[in-house]
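Dumped run_38.pdb below, it's PDB, C-alpha atoms and all ligand atoms:
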ATOM      1  CA  MET M 246     162.720  98.034  88.054
ATOM      2  CA  LYS M 247     164.484  95.748  85.549
ATOM      3  CA  LYS M 248     167.506  97.999  85.677
ATOM      4  CA  ASN M 249     167.535  97.683  89.431
ATOM      5  CA  TYR M 250     167.433  93.943  89.307
ATOM      6  CA  LEU M 251     170.220  93.878  86.737
ATOM      7  CA  GLY M 252     172.380  96.108  88.918
ATOM      8  CA  PHE M 253     171.641  93.955  91.881
ATOM      9  CA  ALA M 254     172.402  90.785  89.961
ATOM     10  CA  LEU M 255     175.812  92.131  88.953
ATOM     11  CA  ALA M 256     176.603  93.129  92.510
ATOM     12  CA  ALA M 257     175.392  89.761  93.736
ATOM     13  CA  VAL M 258     177.553  87.902  91.215
ATOM     14  CA  VAL M 259     180.640  89.862  92.243
ATOM     15  CA  THR M 260     179.938  89.249  95.907
ATOM     16  CA  PHE M 261     179.106  85.621  95.316
ATOM     17  CA  ALA M 262     182.330  85.134  93.362
ATOM     18  CA  ALA M 263     184.289  86.682  96.201
ATOM     19  CA  CYS M 264     182.606  84.392  98.687
ATOM     20  CA  GLN M 265     183.208  81.388  96.497
ATOM     21  CA  ALA M 266     186.877  82.291  96.369
ATOM     22  CA  ILE M 267     186.930  82.015 100.132
ATOM     23  CA  PHE M 268     184.861  78.905 100.455
ATOM     24  CA  ASN M 269     186.234  76.926  97.523
ATOM     25  CA  LYS M 270     189.152  76.060  99.736
ATOM     26  CA  ASP M 271     188.330  73.649 102.476
ATOM     27  CA  LYS M 272     189.596  74.976 105.780
ATOM     28  CA  ALA M 273     190.691  78.174 104.097
ATOM     29  CA  ASP M 274     192.356  80.659 106.364
ATOM     30  CA  VAL M 275     190.230  83.730 106.840
ATOM     31  CA  ILE M 276     192.269  86.635 108.078
ATOM     32  CA  ASP M 277     190.542  89.174 110.251
ATOM     33  CA  SER M 278     191.548  92.678 111.262
ATOM     34  CA  THR M 279     193.665  91.394 114.120
ATOM     35  CA  GLY M 280     195.723  89.339 111.682
ATOM     36  CA  SER M 281     194.764  86.018 113.227
ATOM     37  CA  ALA M 282     193.356  83.160 111.209
ATOM     38  CA  ALA M 283     190.040  81.365 111.594
ATOM     39  CA  ALA M 284     189.399  78.036 109.905
ATOM     40  CA  ALA M 285     186.371  78.203 107.611
ATOM     41  CA  VAL M 286     185.258  74.645 107.053
ATOM     42  CA  VAL M 287     181.731  75.313 105.876
ATOM     43  CA  LYS M 288     180.617  76.177 102.372
ATOM     44  CA  PRO M 289     177.512  78.287 102.715
ATOM     45  CA  ARG M 290     175.771  79.419  99.568
ATOM     46  CA  MET M 291     176.093  83.162  99.713
ATOM     47  CA  PHE M 292     174.009  85.841  98.112
ATOM     48  CA  ASP M 293     173.023  83.696  95.162
ATOM     49  CA  SER M 294     169.407  83.649  96.192
ATOM     50  CA  VAL M 295     169.072  87.214  97.392
ATOM     51  CA  LYS M 296     166.529  89.253  95.490
ATOM     52  CA  ALA M 297     166.574  92.997  95.314
ATOM     53  CA  PRO M 298     164.610  94.484  98.167
ATOM     54  CA  GLU M 299     161.993  96.950  97.176
ATOM     55  CA  VAL M 300     163.140 100.302  98.466
ATOM     56  CA  THR M 301     166.133 102.442  97.577
ATOM     57  CA  ARG M 302     167.037 105.707  99.098
ATOM     58  CA  VAL M 303     170.231 107.660  99.047
ATOM     59  CA  VAL M 304     170.520 109.160 102.474
ATOM     60  CA  ARG M 305     172.540 112.316 102.892
ATOM     61  CA  ARG M 306     173.602 112.079 106.477
ATOM     62  CA  ASP M 307     173.319 115.304 108.420
ATOM     63  CA  SER M 308     175.598 115.792 111.409
ATOM     64  CA  ASN M 309     172.979 118.032 112.991
ATOM     65  CA  LEU M 310     170.488 115.176 113.153
ATOM     66  CA  ARG M 311     170.113 112.375 115.671
ATOM     67  CA  TYR M 312     169.279 109.007 114.181
ATOM     68  CA  VAL M 313     167.185 106.390 115.955
ATOM     69  CA  TYR M 314     167.240 102.836 114.600
ATOM     70  CA  LEU M 315     164.082 101.191 115.814
ATOM     71  CA  THR M 316     164.637  97.412 115.712
ATOM     72  CA  PHE M 317     162.101  94.668 116.464
ATOM     73  CA  ASP M 318     163.424  91.179 117.224
ATOM     74  CA  ASP M 319     162.072  87.618 117.093
ATOM     75  CA  GLY M 320     159.134  88.098 114.748
ATOM     76  CA  PRO M 321     157.006  87.312 112.981
ATOM     77  CA  ASP M 322     154.708  86.775 115.937
ATOM     78  CA  ALA M 323     151.519  88.085 117.525
ATOM     79  CA  GLY M 324     152.974  91.567 118.011
ATOM     80  CA  THR M 325     154.577  92.090 114.601
ATOM     81  CA  LEU M 326     151.668  93.653 112.744
ATOM     82  CA  ASN M 327     151.023  96.044 115.635
ATOM     83  CA  CYS M 328     154.616  97.261 115.370
ATOM     84  CA  TYR M 329     154.292  97.551 111.604
ATOM     85  CA  ASN M 330     151.009  99.467 111.817
ATOM     86  CA  VAL M 331     152.243 101.860 114.504
ATOM     87  CA  CYS M 332     155.344 102.674 112.456
ATOM     88  CA  GLN M 333     153.230 103.089 109.318
ATOM     89  CA  ASN M 334     150.840 105.432 111.114
ATOM     90  CA  LYS M 335     153.662 107.459 112.619
ATOM     91  CA  GLY M 336     155.609 107.539 109.365
ATOM     92  CA  VAL M 337     158.811 106.165 110.891
ATOM     93  CA  ARG M 338     161.297 103.667 109.510
ATOM     94  CA  ALA M 339     162.104 100.416 111.323
ATOM     95  CA  THR M 340     164.002  97.144 110.987
ATOM     96  CA  PHE M 341     162.587  93.706 111.747
ATOM     97  CA  PHE M 342     165.179  91.109 112.786
ATOM     98  CA  LEU M 343     163.236  87.969 111.973
ATOM     99  CA  VAL M 344     163.576  84.353 113.112
ATOM    100  CA  GLY M 345     163.259  81.870 110.241
ATOM    101  CA  GLU M 346     161.526  79.258 112.347
ATOM    102  CA  HIS M 347     158.882  81.782 113.374
ATOM    103  CA  ALA M 348     158.286  82.711 109.753
ATOM    104  CA  ASP M 349     157.701  79.051 108.924
ATOM    105  CA  TYR M 350     155.306  78.586 111.833
ATOM    106  CA  ARG M 351     151.556  79.049 111.537
ATOM    107  CA  HIS M 352     150.774  82.483 110.113
ATOM    108  CA  GLY M 353     154.338  83.770 109.980
ATOM    109  CA  ARG M 354     154.574  83.895 106.199
ATOM    110  CA  ASN M 355     151.173  85.563 105.915
ATOM    111  CA  ILE M 356     152.306  88.298 108.298
ATOM    112  CA  LEU M 357     155.431  88.904 106.253
ATOM    113  CA  GLU M 358     153.487  88.929 102.982
ATOM    114  CA  THR M 359     151.136  91.544 104.449
ATOM    115  CA  MET M 360     154.114  93.683 105.405
ATOM    116  CA  ARG M 361     155.818  93.270 102.046
ATOM    117  CA  LYS M 362     152.907  94.994 100.325
ATOM    118  CA  ASP M 363     154.334  98.264 101.590
ATOM    119  CA  MET M 364     157.995  98.112 102.501
ATOM    120  CA  ARG M 365     158.890 101.734 101.867
ATOM    121  CA  HIS M 366     159.783 102.274 105.487
ATOM    122  CA  PHE M 367     160.949  98.860 106.598
ATOM    123  CA  ILE M 368     163.586  96.241 106.053
ATOM    124  CA  PHE M 369     163.854  92.618 107.118
ATOM    125  CA  ALA M 370     167.120  91.306 108.574
ATOM    126  CA  ASN M 371     168.565  88.037 109.854
ATOM    127  CA  HIS M 372     168.107  86.958 113.474
ATOM    128  CA  SER M 373     169.027  83.310 112.657
ATOM    129  CA  TYR M 374     166.776  80.423 111.705
ATOM    130  CA  SER M 375     166.455  78.714 115.091
ATOM    131  CA  HIS M 376     167.162  81.574 117.519
ATOM    132  CA  ALA M 377     169.826  79.223 118.877
ATOM    133  CA  ASN M 378     166.926  77.244 120.360
ATOM    134  CA  ASN M 379     167.546  79.690 123.212
ATOM    135  CA  ARG M 380     170.657  77.708 124.209
ATOM    136  CA  TYR M 381     173.143  80.425 123.499
ATOM    137  CA  GLU M 382     176.340  79.027 124.932
ATOM    138  CA  GLN M 383     176.044  75.752 123.037
ATOM    139  CA  PHE M 384     175.111  77.641 119.862
ATOM    140  CA  TYR M 385     178.082  80.006 119.883
ATOM    141  CA  ARG M 386     180.588  77.304 120.827
ATOM    142  CA  GLN M 387     179.821  75.581 117.501
ATOM    143  CA  GLU M 388     180.418  78.549 115.239
ATOM    144  CA  GLU M 389     180.262  76.683 111.927
ATOM    145  CA  LYS M 390     176.932  75.150 112.826
ATOM    146  CA  ALA M 391     175.750  78.572 113.976
ATOM    147  CA  LEU M 392     176.822  80.110 110.667
ATOM    148  CA  ARG M 393     174.820  77.459 108.802
ATOM    149  CA  ASP M 394     171.818  78.427 110.912
ATOM    150  CA  PHE M 395     172.138  82.057 109.785
ATOM    151  CA  MET M 396     172.590  80.896 106.188
ATOM    152  CA  ARG M 397     169.495  78.740 106.442
ATOM    153  CA  PHE M 398     167.596  81.892 107.284
ATOM    154  CA  HIS M 399     169.361  83.754 104.475
ATOM    155  CA  ASP M 400     168.404  81.131 101.894
ATOM    156  CA  SER M 401     164.820  80.840 103.056
ATOM    157  CA  MET M 402     164.122  84.577 103.397
ATOM    158  CA  GLN M 403     165.002  85.886  99.997
ATOM    159  CA  PHE M 404     164.072  89.451 100.790
ATOM    160  CA  SER M 405     166.338  89.851 103.798
ATOM    161  CA  TYR M 406     169.409  92.098 104.023
ATOM    162  CA  PRO M 407     172.906  90.787 104.844
ATOM    163  CA  ILE M 408     172.593  92.258 108.309
ATOM    164  CA  ALA M 409     172.325  89.914 111.282
ATOM    165  CA  ARG M 410     171.721  90.196 114.967
ATOM    166  CA  PHE M 411     172.951  87.429 117.238
ATOM    167  CA  PRO M 412     170.289  85.870 119.482
ATOM    168  CA  GLY M 413     170.845  86.971 123.070
ATOM    169  CA  ASN M 414     174.107  88.717 122.314
ATOM    170  CA  PRO M 415     174.978  92.319 121.424
ATOM    171  CA  ALA M 416     177.871  91.596 119.030
ATOM    172  CA  TRP M 417     178.857  94.033 116.274
ATOM    173  CA  VAL M 418     180.585  93.297 112.952
ATOM    174  CA  MET M 419     180.836  96.244 110.617
ATOM    175  CA  GLU M 420     182.865  97.911 107.888
ATOM    176  CA  ASP M 421     186.681  97.620 107.951
ATOM    177  CA  HIS M 422     186.326  94.493 110.090
ATOM    178  CA  LYS M 423     185.241  96.624 113.003
ATOM    179  CA  ILE M 424     184.261  93.984 115.537
ATOM    180  CA  ARG M 425     182.980  94.284 119.078
ATOM    181  CA  THR M 426     182.080  90.999 120.664
ATOM    182  CA  SER M 427     182.408  88.756 123.688
ATOM    183  CA  LYS M 428     184.913  85.913 123.829
ATOM    184  CA  LEU M 429     182.068  83.423 123.378
ATOM    185  CA  THR M 430     180.817  84.901 120.093
ATOM    186  CA  LYS M 431     184.171  85.965 118.649
ATOM    187  CA  PRO M 432     184.637  82.877 116.388
ATOM    188  CA  LEU M 433     181.180  83.382 114.857
ATOM    189  CA  THR M 434     181.698  87.128 114.410
ATOM    190  CA  LYS M 435     184.857  86.371 112.416
ATOM    191  CA  LEU M 436     183.020  83.920 110.194
ATOM    192  CA  MET M 437     180.174  86.365 109.604
ATOM    193  CA  ASP M 438     182.703  89.060 108.761
ATOM    194  CA  SER M 439     184.537  86.777 106.323
ATOM    195  CA  ILE M 440     181.421  86.243 104.245
ATOM    196  CA  GLY M 441     180.600  89.940 104.079
ATOM    197  CA  TYR M 442     177.786  89.955 106.582
ATOM    198  CA  ASN M 443     177.133  92.772 109.026
ATOM    199  CA  VAL M 444     176.186  92.051 112.618
ATOM    200  CA  MET M 445     174.342  94.735 114.530
ATOM    201  CA  GLY M 446     174.098  94.916 118.313
ATOM    202  CA  TRP M 447     172.168  97.609 120.157
ATOM    203  CA  ASP M 448     172.756 100.661 122.296
ATOM    204  CA  VAL M 449     169.553 100.791 124.331
ATOM    205  CA  GLU M 450     167.022  98.074 125.145
ATOM    206  CA  TRP M 451     163.340  98.351 125.930
ATOM    207  CA  ASN M 452     163.225  95.539 128.474
ATOM    208  CA  PHE M 453     160.348  93.131 129.031
ATOM    209  CA  ASP M 454     159.088  91.134 132.010
ATOM    210  CA  LYS M 455     158.236  87.424 132.338
ATOM    211  CA  SER M 456     154.994  88.011 130.437
ATOM    212  CA  SER M 457     156.859  89.824 127.638
ATOM    213  CA  ARG M 458     155.343  93.143 128.650
ATOM    214  CA  PRO M 459     157.441  96.333 128.457
ATOM    215  CA  VAL M 460     159.207  97.284 131.682
ATOM    216  CA  GLN M 461     159.875 100.958 130.921
ATOM    217  CA  SER M 462     157.069 103.387 130.166
ATOM    218  CA  ALA M 463     157.031 105.276 126.861
ATOM    219  CA  GLU M 464     158.332 108.383 128.642
ATOM    220  CA  GLN M 465     161.153 106.480 130.353
ATOM    221  CA  MET M 466     162.176 104.831 127.108
ATOM    222  CA  ALA M 467     162.245 108.098 125.177
ATOM    223  CA  ARG M 468     164.327 109.642 127.970
ATOM    224  CA  GLN M 469     166.801 106.732 127.849
ATOM    225  CA  ILE M 470     167.260 107.238 124.129
ATOM    226  CA  MET M 471     167.761 110.983 124.484
ATOM    227  CA  ASN M 472     170.250 110.327 127.312
ATOM    228  CA  ALA M 473     172.215 108.020 125.003
ATOM    229  CA  PHE M 474     172.484 110.885 122.500
ATOM    230  CA  GLU M 475     173.381 113.466 125.107
ATOM    231  CA  SER M 476     175.950 111.325 126.920
ATOM    232  CA  ASN M 477     177.398 110.109 123.602
ATOM    233  CA  SER M 478     177.229 106.533 124.886
ATOM    234  CA  SER M 479     176.134 104.860 121.628
ATOM    235  CA  PHE M 480     178.438 102.733 119.439
ATOM    236  CA  VAL M 481     178.422 105.547 116.859
ATOM    237  CA  LYS M 482     177.889 109.154 117.903
ATOM    238  CA  ASN M 483     174.441 110.531 117.055
ATOM    239  CA  HIS M 484     173.198 107.072 116.028
ATOM    240  CA  VAL M 485     171.261 105.106 118.641
ATOM    241  CA  VAL M 486     170.071 101.559 118.001
ATOM    242  CA  LEU M 487     167.044 100.611 120.081
ATOM    243  CA  LEU M 488     166.318  96.925 120.710
ATOM    244  CA  THR M 489     162.709  95.957 121.232
ATOM    245  CA  HIS M 490     160.738  92.761 120.654
ATOM    246  CA  ASP M 491     157.566  92.541 118.560
ATOM    247  CA  ARG M 492     155.736  90.467 121.162
ATOM    248  CA  MET M 493     155.958  93.255 123.742
ATOM    249  CA  PHE M 494     153.415  95.244 121.749
ATOM    250  CA  ARG M 495     150.805  92.581 121.034
ATOM    251  CA  GLU M 496     148.305  94.066 123.504
ATOM    252  CA  PRO M 497     146.537  97.338 122.607
ATOM    253  CA  ASN M 498     147.774  99.335 125.599
ATOM    254  CA  TYR M 499     151.410  98.418 124.914
ATOM    255  CA  ARG M 500     150.954  99.020 121.200
ATOM    256  CA  ASP M 501     149.841 102.507 122.249
ATOM    257  CA  SER M 502     152.904 102.808 124.448
ATOM    258  CA  LEU M 503     155.115 102.194 121.409
ATOM    259  CA  ALA M 504     153.217 104.880 119.509
ATOM    260  CA  LYS M 505     153.585 107.281 122.428
ATOM    261  CA  MET M 506     157.351 106.777 122.661
ATOM    262  CA  ILE M 507     157.654 107.510 118.948
ATOM    263  CA  THR M 508     155.518 110.640 119.318
ATOM    264  CA  ILE M 509     157.744 111.896 122.143
ATOM    265  CA  LEU M 510     160.889 111.333 120.080
ATOM    266  CA  GLN M 511     159.334 112.994 117.048
ATOM    267  CA  SER M 512     158.759 116.102 119.155
ATOM    268  CA  LYS M 513     162.509 116.367 119.877
ATOM    269  CA  LYS M 514     164.465 118.627 117.603
ATOM    270  CA  GLY M 515     166.579 116.837 114.994
ATOM    271  CA  VAL M 516     165.499 113.258 115.786
ATOM    272  CA  VAL M 517     164.858 111.050 112.751
ATOM    273  CA  PHE M 518     164.217 107.321 112.344
ATOM    274  CA  GLU M 519     166.260 105.149 109.987
ATOM    275  CA  THR M 520     166.564 101.528 108.881
ATOM    276  CA  ALA M 521     169.606  99.383 109.709
ATOM    277  CA  ASP M 522     170.905  99.397 106.115
ATOM    278  CA  GLN M 523     171.541 103.149 106.508
ATOM    279  CA  TYR M 524     173.673 102.767 109.635
ATOM    280  CA  PRO M 525     177.045 104.501 109.111
ATOM    281  CA  LEU M 526     179.237 101.409 109.549
ATOM    282  CA  ILE M 527     177.376  99.050 107.223
ATOM    283  CA  LYS M 528     179.852  97.410 104.842
ATOM    284  CA  LYS M 529     180.363  99.191 101.562
ATOM    285  CA  ASN M 530     179.863  96.046  99.488
ATOM    286  CA  ASP M 531     176.485  95.647 101.055
ATOM    287  CA  ARG M 532     175.739  99.295 100.437
ATOM    288  CA  THR M 533     176.316  98.486  96.765
ATOM    289  CA  LEU M 534     173.844  95.662  97.073
ATOM    290  CA  LEU M 535     171.416  97.861  98.896
ATOM    291  CA  ALA M 536     171.915 100.827  96.587
ATOM    292  CA  VAL M 537     170.024  99.127  93.786
ATOM    293  CA  ARG M 538     166.760  99.698  95.601
ATOM    294  CA  GLN M 539     164.479 102.300  94.134
TER     295      GLN M 539
HETATM  296 ZN    ZN I   1     166.034  87.344 119.792
END

Any chance you could give the structure as C-alpha cells?
Amino acid sequence: MKKNYLGFALAAVVTFAACQAIFNKDKADVIDSTGSAAAAVVKPRMFDSVKAPEVTRVVRRDSNLRYVYLTFDDGPDAGTLNCYNVCQNKGVRATFFLVGEHADYRHGRNILETMRKDMRHFIFANHSYSHANNRYEQFYRQEEKALRDFMRFHDSMQFSYPIARFPGNPAWVMEDHKIRTSKLTKPLTKLMDSIGYNVMGWDVEWNFDKSSRPVQSAEQMARQIMNAFESNSSFVKNHVVLLTHDRMFREPNYRDSLAKMITILQSKKGVVFETADQYPLIKKNDRTLLAVRQ
C-alpha cells in the first residue's frame, strides 16, 4: 500500500506542478483544442490534497463486450445506501457523483464512511459543492466562480476522482481536449479541461417524476440501454453511461426496480458494468493517477 501511495504522490506532484505552471500566471491564456484562449483568473489548489483511492484494476477492454456505466447523482441522500447495497448484492460496479453540500449535511459523511469500508466496486466523483443551488444559468455564466465550487468539493472530498459531472447539464470533457458542450457551459468546460479534469455527461437517463420516483420501469430502462448499444447512439460505441439519481431508489419497491434492471442487463450476453474511471476517453494523466490503486 505504501508503494501505491508513493506512486500516487509522485503523479500528484507532477500534475500539481503542471497546474501550478498554468495558474501561477494571473489571467494566463489557456489554449484549448480549438486554438482559442480562455482567461484563467482563478488559482485553485489542484490535486495537492487528493489521496489514493482504494481500488486499482487494470482493465483489458474487450471489443466484444458492452459496457454500462451506472452513475448515481446528487448523493449522499436517503437513497444512496440502497443503491450501494443493490450494487453490492448484484456484484456490479457503479459511480457516485456526489454533492459536497449534501455530504456536509446531517448524516452525509456517515453514509460515505459506511460506503468507504468496501469500495472495491465503486468510485466517488465530483458533482460540485453546491449543485449550482439549482440556478444553472447563473452558475454557468460565472465560470470562474463555478470552477471554485467544483474545487471546493475536490478539496473537501479527498477520496474523489478528477471526474466531474455538471449539475443539470450533459457536458463532456475528455482526453485530447475532446469537448461536447452547450454554449452556456463552454467557458466552464474549457477551464475544467485546462486543469486536467474530466467531465462526464450521459447517454441515457432514468427519469424521475415530481416525487423523485422513477418514470420508466426496470424493463423499459433495460430496453433503452440495449437500444443505445444496438443503435450505436452513445458518445462512445459499446459504452453506455446511464444517469440515475440516488433518491429515486429510497423506497423499497423502487430499490427493487433498480435491482431488477441490473438483473435484466446481466442476463444479456456480453454486458458488463464499469466505473467512470475506466471509461475509454478518460485523460491519460488521470489514468496515471488512478493506476496506483491496488
Ligand atoms: Zn445533479

Next item on the list: Would you mind telling me which residue in M:Asp438, M:Glu388, M:Glu346, M:Asp400 lies nearest to ligand ZN 1 (chain I) when using all atoms listed in the file?
Entry: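 So, comparing all the options, the nearest one is M:Glu346.
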
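Distance annotation: of M:Lys435, M:Arg458, M:Arg397, M:His376, the residue with the minimal separation from ligand ZN 1 (chain I) is M:His376; atom set is only C-alpha atoms and all ligand atoms.
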
Item checked: Between atom CA of Arg306 of chain M and atom CA of Ile408 of chain M, distance in Å (one decimal) ->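 About the pair atom CA of Arg306 of chain M and atom CA of Ile408 of chain M: they are 19.9 Å apart.
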
Next item on the list: List the residues selected by the PyMOL selection byres (((chain M and resi 506-520) around 10) and not hetatm) in the file shown, writing them as a PyMOL selection string.
Entry: chain M and resi 304+307-316+331-332+335-341+366-369+462-468+470-471+474+483-486+501-505+521-524

Check: Using all atoms listed in the file, which of M:Phe342, M:Phe398, M:Trp417, M:Phe494 sits nearest ligand ZN 1 (chain I)?
Finding: M:Phe342

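The nearest approach to ligand ZN 1 (chain I) among the residues M:Leu436, M:Leu488, M:Val418, M:Val481, with only C-alpha atoms and all ligand atoms taken into account, belongs to M:Leu488.
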
Check: In file coordinates, which residues lie within 7 Å of (150.9, 92.3, 119.9) using only C-alpha atoms, given as a list in words?
Finding: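 Every residue inside that radius is included here: Ala323, Gly324, Thr325, Asn327, Asp491, Arg492, Met493, Phe494, Arg495, Glu496 and Arg500 of chain M.
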
Item checked: Shell around Val444 of chain M at 9 Å using only C-alpha atoms, local window under 4 positions removed, as an MDAnalysis selection string -> chainID M and resid 407:411 415:419 424 434 437:438 527

Next item on the list: Check which residues fall inside 7 Å of ligand ZN 1 (chain I) when counting all atoms listed in the file, and print them as a PyMOL selection string.
Entry: chain M and resi 318-319+372+376+412-413

Check: How would you write as a list in words the residues that get within 6 Å of (167.9, 99.2, 124.8) in the file's frame, counting all atoms listed in the file?
Finding: Asp448, Val449, Glu450, Trp451, Leu487 and Leu488 of chain M

Keeping C-alpha atoms for every residue in the selection just given, could you write it to a file as a tab-separated table (two decimals), in the frame of the given file?
chain	number	residue	atom	x	y	z
M	448	ASP	CA	172.76	100.66	122.30
M	449	VAL	CA	169.55	100.79	124.33
M	450	GLU	CA	167.02	98.07	125.14
M	451	TRP	CA	163.34	98.35	125.93
M	487	LEU	CA	167.04	100.61	120.08
M	488	LEU	CA	166.32	96.92	120.71

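We find atom CA of Phe480 of chain M and atom CA of Trp447 of chain M to be spaced 8.1 Å apart.
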
For segment 322-339 of chain M, what centre and edge lengths in Å (one decimal) does the axis-aligned box get once 8 Å is added on each side of all its listed atoms, as JSON?
{"center_x": 156.5, "center_y": 97.2, "center_z": 113.7, "size_x": 27.3, "size_y": 36.8, "size_z": 24.7}

Next item on the list: Kindly indicate which residue among M:Lys482, M:Tyr499, M:Asn355, M:Lys528 lies nearest to Ile440 of chain M, using all atoms listed in the file for the distances.
Entry: M:Lys528

Can you rebuild segment 323-347 of chain M with N, CA and C atoms and give it as a short mmCIF file (atom, residue, chain, number, x, y, z; two decimals), in the frame of the given file?
data_model
loop_
_atom_site.label_atom_id
_atom_site.label_comp_id
_atom_site.auth_asym_id
_atom_site.auth_seq_id
_atom_site.Cartn_x
_atom_site.Cartn_y
_atom_site.Cartn_z
N ALA M 323 152.81 87.42 117.28
CA ALA M 323 151.52 88.08 117.52
C ALA M 323 151.62 89.60 117.68
N GLY M 324 152.83 90.12 117.86
CA GLY M 324 152.97 91.57 118.01
C GLY M 324 153.44 92.27 116.75
N THR M 325 153.88 91.50 115.76
CA THR M 325 154.58 92.09 114.60
C THR M 325 153.72 93.10 113.84
N LEU M 326 152.49 92.74 113.54
CA LEU M 326 151.67 93.65 112.74
C LEU M 326 151.31 94.92 113.51
N ASN M 327 151.22 94.83 114.83
CA ASN M 327 151.02 96.04 115.64
C ASN M 327 152.20 96.99 115.46
N CYS M 328 153.41 96.43 115.54
CA CYS M 328 154.62 97.26 115.37
C CYS M 328 154.62 97.90 113.99
N TYR M 329 154.32 97.08 113.00
CA TYR M 329 154.29 97.55 111.60
C TYR M 329 153.26 98.68 111.45
N ASN M 330 152.07 98.47 111.98
CA ASN M 330 151.01 99.47 111.82
C ASN M 330 151.32 100.77 112.55
N VAL M 331 151.88 100.64 113.76
CA VAL M 331 152.24 101.86 114.50
C VAL M 331 153.28 102.67 113.71
N CYS M 332 154.29 101.97 113.21
CA CYS M 332 155.34 102.67 112.46
C CYS M 332 154.78 103.28 111.17
N GLN M 333 153.88 102.55 110.52
CA GLN M 333 153.23 103.09 109.32
C GLN M 333 152.47 104.37 109.67
N ASN M 334 151.67 104.29 110.73
CA ASN M 334 150.84 105.43 111.11
C ASN M 334 151.67 106.64 111.51
N LYS M 335 152.80 106.37 112.15
CA LYS M 335 153.66 107.46 112.62
C LYS M 335 154.63 107.92 111.53
N GLY M 336 154.71 107.16 110.46
CA GLY M 336 155.61 107.54 109.36
C GLY M 336 157.08 107.40 109.72
N VAL M 337 157.41 106.37 110.52
CA VAL M 337 158.81 106.16 110.89
C VAL M 337 159.34 104.86 110.31
N ARG M 338 160.64 104.84 110.08
CA ARG M 338 161.30 103.67 109.51
C ARG M 338 161.70 102.71 110.64
N ALA M 339 161.74 101.41 110.31
CA ALA M 339 162.10 100.42 111.32
C ALA M 339 162.67 99.17 110.66
N THR M 340 163.37 98.38 111.46
CA THR M 340 164.00 97.14 110.99
C THR M 340 163.46 95.97 111.79
N PHE M 341 163.08 94.91 111.09
CA PHE M 341 162.59 93.71 111.75
C PHE M 341 163.64 92.61 111.62
N PHE M 342 164.24 92.24 112.76
CA PHE M 342 165.18 91.11 112.79
C PHE M 342 164.35 89.85 113.02
N LEU M 343 164.18 89.08 111.95
CA LEU M 343 163.24 87.97 111.97
C LEU M 343 163.91 86.64 112.32
N VAL M 344 163.12 85.72 112.82
CA VAL M 344 163.58 84.35 113.11
C VAL M 344 162.93 83.42 112.08
N GLY M 345 163.76 82.70 111.33
CA GLY M 345 163.26 81.87 110.24
C GLY M 345 162.21 80.87 110.69
N GLU M 346 162.45 80.25 111.82
CA GLU M 346 161.53 79.26 112.35
C GLU M 346 160.16 79.87 112.63
N HIS M 347 160.15 81.11 113.09
CA HIS M 347 158.88 81.78 113.37
C HIS M 347 158.15 82.10 112.08
#
